[in-house]
Every structure is written in structure tokens, then in C-alpha cells.
Amino acid sequence: MFNEKMIAPCGLDCSVCKRALAETAPCAGCRGPNDNKPEFCSEKCGIIKCEKRKSNVYSFCDECPDFPCADVMEKETRYGSQYPLRESPLENLRLIREAGMAAFLERERKKWTCSACGGVICVHTGVCSGCGRQYTGSMEP
């Protein structure tokens, strides 16, 4: 589940999204087809719709001279404060640049894998997709 195509241009890991973890019709992430994507991700997200990103073929937002833009900062704020578990697109992009994608994905796998069953923990709910165990902001059950 943790692979490069699941890392959104903003740095969020789509692997830990509740829609990607859905049992039926899971989302393939921001870089995947629009089938099964939530409306926000397919139609309203400023990053996916960003013409500068598309016309310059930036893989990640930190390649843009306007980084971090308001859309990236909105995600940074929302994912850092509105969900039971925290995620930082800015930190993720920094780690990808400093350590490389393979090391980043390994960190994500360790960070978001349930210690009880090996399922993936959802950033939005804090619930393991495998066993239903609830995790808190410290990633402790």
C-alpha cells in the first residue's frame, strides 16, 4: 500500500486516507484516476487543479517557486490540527528531499502500520483498517 504513486503532490500520503482504506471501491490516491475519489479530491482541491503545477509538470509542490502556497498551507494546518492523528505535508516533502523516496516510504510504513494486526491506521479517524483498534495523537492505542 505504501508506494510512491500514493504520495500526493502536496506531500500527503494517500495510503492513510479513509477513502483509500475503504473496503469497497477504494480511492487510488491523488495521482490515480478519479474513480472512487471524494469530490473534494477530484474537483475542489486547489493543488490537483493547480495550473502552474500541471503546466510545469511538477511532481511535488516543493518544486514550485511559489511553495508553500495557500493551498499547501491549508492542508498543513488541517492535517496538523483537525484529525485524531497528525500528518505534515511540509515535513513529508522535506523528508522525501533529504532521505529519498524509499526511506520516506519505509518511515510511513512503520508510522502507519498497526502494531496489533499489521493493518493501516487511518489519519482521519485514528482507526486501524484491519482490526479496528483506535489510536491517539501519540499513535498509542
# chains A, B, ... in the order shown; residues from 1 in each chain; ligands from 1
>>> select_by_dssp(residues="chain A", states="strand (DSSP E or B)", output="JSON, numbers by chain")
{"A": [7, 13, 113, 120, 121, 127, 128, 134]}
>>> write_last_selection(atoms="N, CA and C atoms", output="compact mmCIF listing (two decimals), in the first residue's frame")
# COMPACT_ATOMS: atom_id res chain seq x y z
N ILE A 7 1.69 9.08 -2.94
CA ILE A 7 2.11 10.33 -2.31
C ILE A 7 1.59 11.47 -3.18
N ASP A 13 0.31 11.49 2.33
CA ASP A 13 0.33 10.09 1.94
C ASP A 13 -1.11 9.60 1.82
N THR A 113 1.49 1.60 10.36
CA THR A 113 1.10 0.20 10.44
C THR A 113 0.72 -0.14 11.88
N VAL A 120 -3.41 -0.86 8.20
CA VAL A 120 -3.03 0.54 8.05
C VAL A 120 -3.94 1.40 8.93
N ILE A 121 -3.33 2.33 9.64
CA ILE A 121 -4.07 3.23 10.53
C ILE A 121 -4.50 4.46 9.72
N VAL A 127 -8.29 5.00 13.35
CA VAL A 127 -8.73 3.61 13.48
C VAL A 127 -7.95 2.73 12.50
N CYS A 128 -7.50 1.57 12.99
CA CYS A 128 -6.81 0.60 12.14
C CYS A 128 -7.80 -0.02 11.18
N GLN A 134 -8.30 1.70 17.98
CA GLN A 134 -8.26 3.16 17.96
C GLN A 134 -6.90 3.65 18.45
>>> residues_around(residues="Gly32 of chain A", least_positions_apart="5", cutoff="9 Å", atoms="only C-alpha atoms", output="mmCIF file with N, CA and C atoms, in the first residue's frame")
data_model
loop_
_atom_site.group_PDB
_atom_site.id
_atom_site.type_symbol
_atom_site.label_atom_id
_atom_site.label_comp_id
_atom_site.auth_asym_id
_atom_site.auth_seq_id
_atom_site.Cartn_x
_atom_site.Cartn_y
_atom_site.Cartn_z
ATOM 1 N N LYS A 5 3.291 6.241 -5.858
ATOM 2 C CA LYS A 5 2.116 6.780 -6.550
ATOM 3 C C LYS A 5 1.007 7.199 -5.577
ATOM 4 N N MET A 6 1.137 6.805 -4.312
ATOM 5 C CA MET A 6 0.155 7.217 -3.306
ATOM 6 C C MET A 6 0.566 8.490 -2.562
ATOM 7 N N CYS A 27 -10.223 4.485 -3.030
ATOM 8 C CA CYS A 27 -9.625 5.530 -3.852
ATOM 9 C C CYS A 27 -8.182 5.142 -4.154
ATOM 10 N N LYS A 37 -12.718 8.657 -6.096
ATOM 11 C CA LYS A 37 -12.163 9.769 -5.327
ATOM 12 C C LYS A 37 -13.311 10.569 -4.720
#
>>> residues_around(residues="Val72 of chain A", least_positions_apart="4", cutoff="9 Å", atoms="only C-alpha atoms", output="ChimeraX atom specification")
/A:10-11,46-47,61,67-68,76-77,89-90
>>> select_by_dssp(residues="segment 39-138 of chain A", states="helix (DSSP H, G or I)", output="VMD selection string")
chain A and resid 39 to 44 51 to 56 61 to 63 70 to 81 89 to 99 101 to 112
>>> write_last_selection(atoms="N, CA and C atoms", output="compact mmCIF listing (two decimals), in the first residue's frame")
# COMPACT_ATOMS: atom_id res chain seq x y z
N GLU A 39 -15.29 13.94 -3.80
CA GLU A 39 -15.49 15.13 -4.63
C GLU A 39 -14.41 16.18 -4.37
N PHE A 40 -14.04 16.38 -3.11
CA PHE A 40 -13.02 17.39 -2.83
C PHE A 40 -11.74 17.08 -3.60
N CYS A 41 -11.31 15.85 -3.54
CA CYS A 41 -10.03 15.48 -4.16
C CYS A 41 -10.08 15.54 -5.68
N SER A 42 -11.19 15.19 -6.28
CA SER A 42 -11.26 15.15 -7.73
C SER A 42 -11.65 16.48 -8.36
N GLU A 43 -12.38 17.33 -7.64
CA GLU A 43 -12.90 18.55 -8.25
C GLU A 43 -12.56 19.84 -7.53
N LYS A 44 -12.34 19.81 -6.24
CA LYS A 44 -12.20 21.05 -5.48
C LYS A 44 -10.79 21.35 -4.99
N GLU A 51 -2.83 25.01 -12.12
CA GLU A 51 -2.34 25.12 -13.49
C GLU A 51 -0.82 25.25 -13.54
N LYS A 52 -0.24 25.92 -12.56
CA LYS A 52 1.22 26.07 -12.53
C LYS A 52 1.88 24.69 -12.37
N ARG A 53 1.32 23.87 -11.49
CA ARG A 53 1.86 22.52 -11.28
C ARG A 53 1.72 21.70 -12.55
N LYS A 54 0.55 21.77 -13.17
CA LYS A 54 0.32 20.99 -14.39
C LYS A 54 1.19 21.46 -15.56
N SER A 55 1.25 22.76 -15.79
CA SER A 55 1.98 23.27 -16.95
C SER A 55 3.49 23.10 -16.80
N ASN A 56 4.00 23.09 -15.58
CA ASN A 56 5.42 22.89 -15.35
C ASN A 56 5.76 21.44 -15.05
N CYS A 61 4.81 19.74 -4.95
CA CYS A 61 4.61 21.19 -4.79
C CYS A 61 5.89 21.93 -4.43
N ASP A 62 6.82 21.28 -3.75
CA ASP A 62 8.04 21.99 -3.34
C ASP A 62 8.97 22.29 -4.51
N GLU A 63 8.63 21.84 -5.70
CA GLU A 63 9.39 22.18 -6.90
C GLU A 63 8.98 23.55 -7.44
N ALA A 70 -0.93 28.95 -0.54
CA ALA A 70 -2.06 28.92 0.40
C ALA A 70 -2.71 27.54 0.45
N ASP A 71 -2.78 26.85 -0.69
CA ASP A 71 -3.40 25.53 -0.71
C ASP A 71 -2.59 24.51 0.09
N VAL A 72 -1.27 24.55 -0.03
CA VAL A 72 -0.42 23.64 0.75
C VAL A 72 -0.53 23.99 2.24
N MET A 73 -0.53 25.27 2.55
CA MET A 73 -0.60 25.68 3.96
C MET A 73 -1.96 25.31 4.57
N GLU A 74 -3.02 25.32 3.77
CA GLU A 74 -4.33 24.89 4.27
C GLU A 74 -4.27 23.42 4.68
N LYS A 75 -3.65 22.60 3.86
CA LYS A 75 -3.52 21.17 4.19
C LYS A 75 -2.62 20.98 5.41
N GLU A 76 -1.54 21.73 5.48
CA GLU A 76 -0.64 21.64 6.63
C GLU A 76 -1.40 21.95 7.92
N THR A 77 -2.20 22.99 7.90
CA THR A 77 -2.98 23.38 9.08
C THR A 77 -4.05 22.35 9.40
N ARG A 78 -4.79 21.92 8.39
CA ARG A 78 -5.88 20.97 8.61
C ARG A 78 -5.37 19.62 9.11
N TYR A 79 -4.35 19.09 8.46
CA TYR A 79 -3.85 17.76 8.85
C TYR A 79 -3.03 17.81 10.14
N GLY A 80 -2.66 19.00 10.56
CA GLY A 80 -1.94 19.14 11.81
C GLY A 80 -2.84 19.42 13.00
N SER A 81 -4.14 19.64 12.74
CA SER A 81 -4.99 20.04 13.87
C SER A 81 -6.40 19.46 13.88
N PRO A 89 2.29 17.66 5.50
CA PRO A 89 2.77 17.61 4.11
C PRO A 89 4.14 18.28 3.96
N LEU A 90 4.37 19.37 4.68
CA LEU A 90 5.67 20.06 4.59
C LEU A 90 6.81 19.17 5.10
N GLU A 91 6.58 18.52 6.23
CA GLU A 91 7.58 17.61 6.78
C GLU A 91 7.80 16.42 5.84
N ASN A 92 6.71 15.91 5.27
CA ASN A 92 6.84 14.78 4.33
C ASN A 92 7.69 15.16 3.13
N LEU A 93 7.43 16.33 2.54
CA LEU A 93 8.22 16.75 1.38
C LEU A 93 9.69 16.96 1.77
N ARG A 94 9.93 17.51 2.95
CA ARG A 94 11.31 17.70 3.42
C ARG A 94 12.02 16.35 3.54
N LEU A 95 11.33 15.36 4.13
CA LEU A 95 11.94 14.05 4.29
C LEU A 95 12.20 13.36 2.94
N ILE A 96 11.29 13.52 2.00
CA ILE A 96 11.49 12.95 0.66
C ILE A 96 12.75 13.54 0.04
N ARG A 97 12.93 14.85 0.15
CA ARG A 97 14.10 15.52 -0.44
C ARG A 97 15.39 15.13 0.27
N GLU A 98 15.33 15.04 1.60
CA GLU A 98 16.55 14.78 2.37
C GLU A 98 16.96 13.30 2.37
N ALA A 99 15.98 12.42 2.52
CA ALA A 99 16.29 11.00 2.69
C ALA A 99 16.00 10.16 1.46
N MET A 101 12.85 8.90 -1.55
CA MET A 101 11.51 8.33 -1.52
C MET A 101 11.48 6.98 -0.80
N ALA A 102 12.45 6.12 -1.04
CA ALA A 102 12.43 4.79 -0.42
C ALA A 102 12.47 4.91 1.11
N ALA A 103 13.33 5.77 1.64
CA ALA A 103 13.42 5.95 3.08
C ALA A 103 12.13 6.57 3.63
N PHE A 104 11.58 7.51 2.90
CA PHE A 104 10.32 8.13 3.33
C PHE A 104 9.20 7.09 3.39
N LEU A 105 9.08 6.26 2.36
CA LEU A 105 8.03 5.24 2.34
C LEU A 105 8.22 4.22 3.46
N GLU A 106 9.44 3.89 3.78
CA GLU A 106 9.70 2.97 4.89
C GLU A 106 9.26 3.61 6.21
N ARG A 107 9.54 4.89 6.37
CA ARG A 107 9.09 5.59 7.57
C ARG A 107 7.57 5.61 7.65
N GLU A 108 6.91 5.85 6.54
CA GLU A 108 5.45 5.86 6.51
C GLU A 108 4.89 4.49 6.88
N ARG A 109 5.50 3.43 6.32
CA ARG A 109 5.04 2.08 6.63
C ARG A 109 5.14 1.81 8.13
N LYS A 110 6.25 2.17 8.72
CA LYS A 110 6.43 1.96 10.16
C LYS A 110 5.46 2.82 10.97
N LYS A 111 5.32 4.07 10.58
CA LYS A 111 4.49 5.02 11.31
C LYS A 111 3.01 4.64 11.29
N TRP A 112 2.50 4.18 10.17
CA TRP A 112 1.07 3.99 9.97
C TRP A 112 0.62 2.53 10.00
>>> residues_around(residues="Cys117 of chain A", least_positions_apart="2", cutoff="7 Å", atoms="only C-alpha atoms", output="list in words")
Cys114, Ser115, Gly119, Gly130 and Cys131 of chain A
>>> closest_residue(among="A:Glu4, A:Thr136, A:Pro84, A:Asp35", to="Arg19 of chain A", atoms="only C-alpha atoms")
A:Asp35
>>> closest_residue(among="A:Pro65, A:Gly132, A:Pro9, A:Gly29", to="Ile48 of chain A", atoms="only C-alpha atoms")
A:Pro9
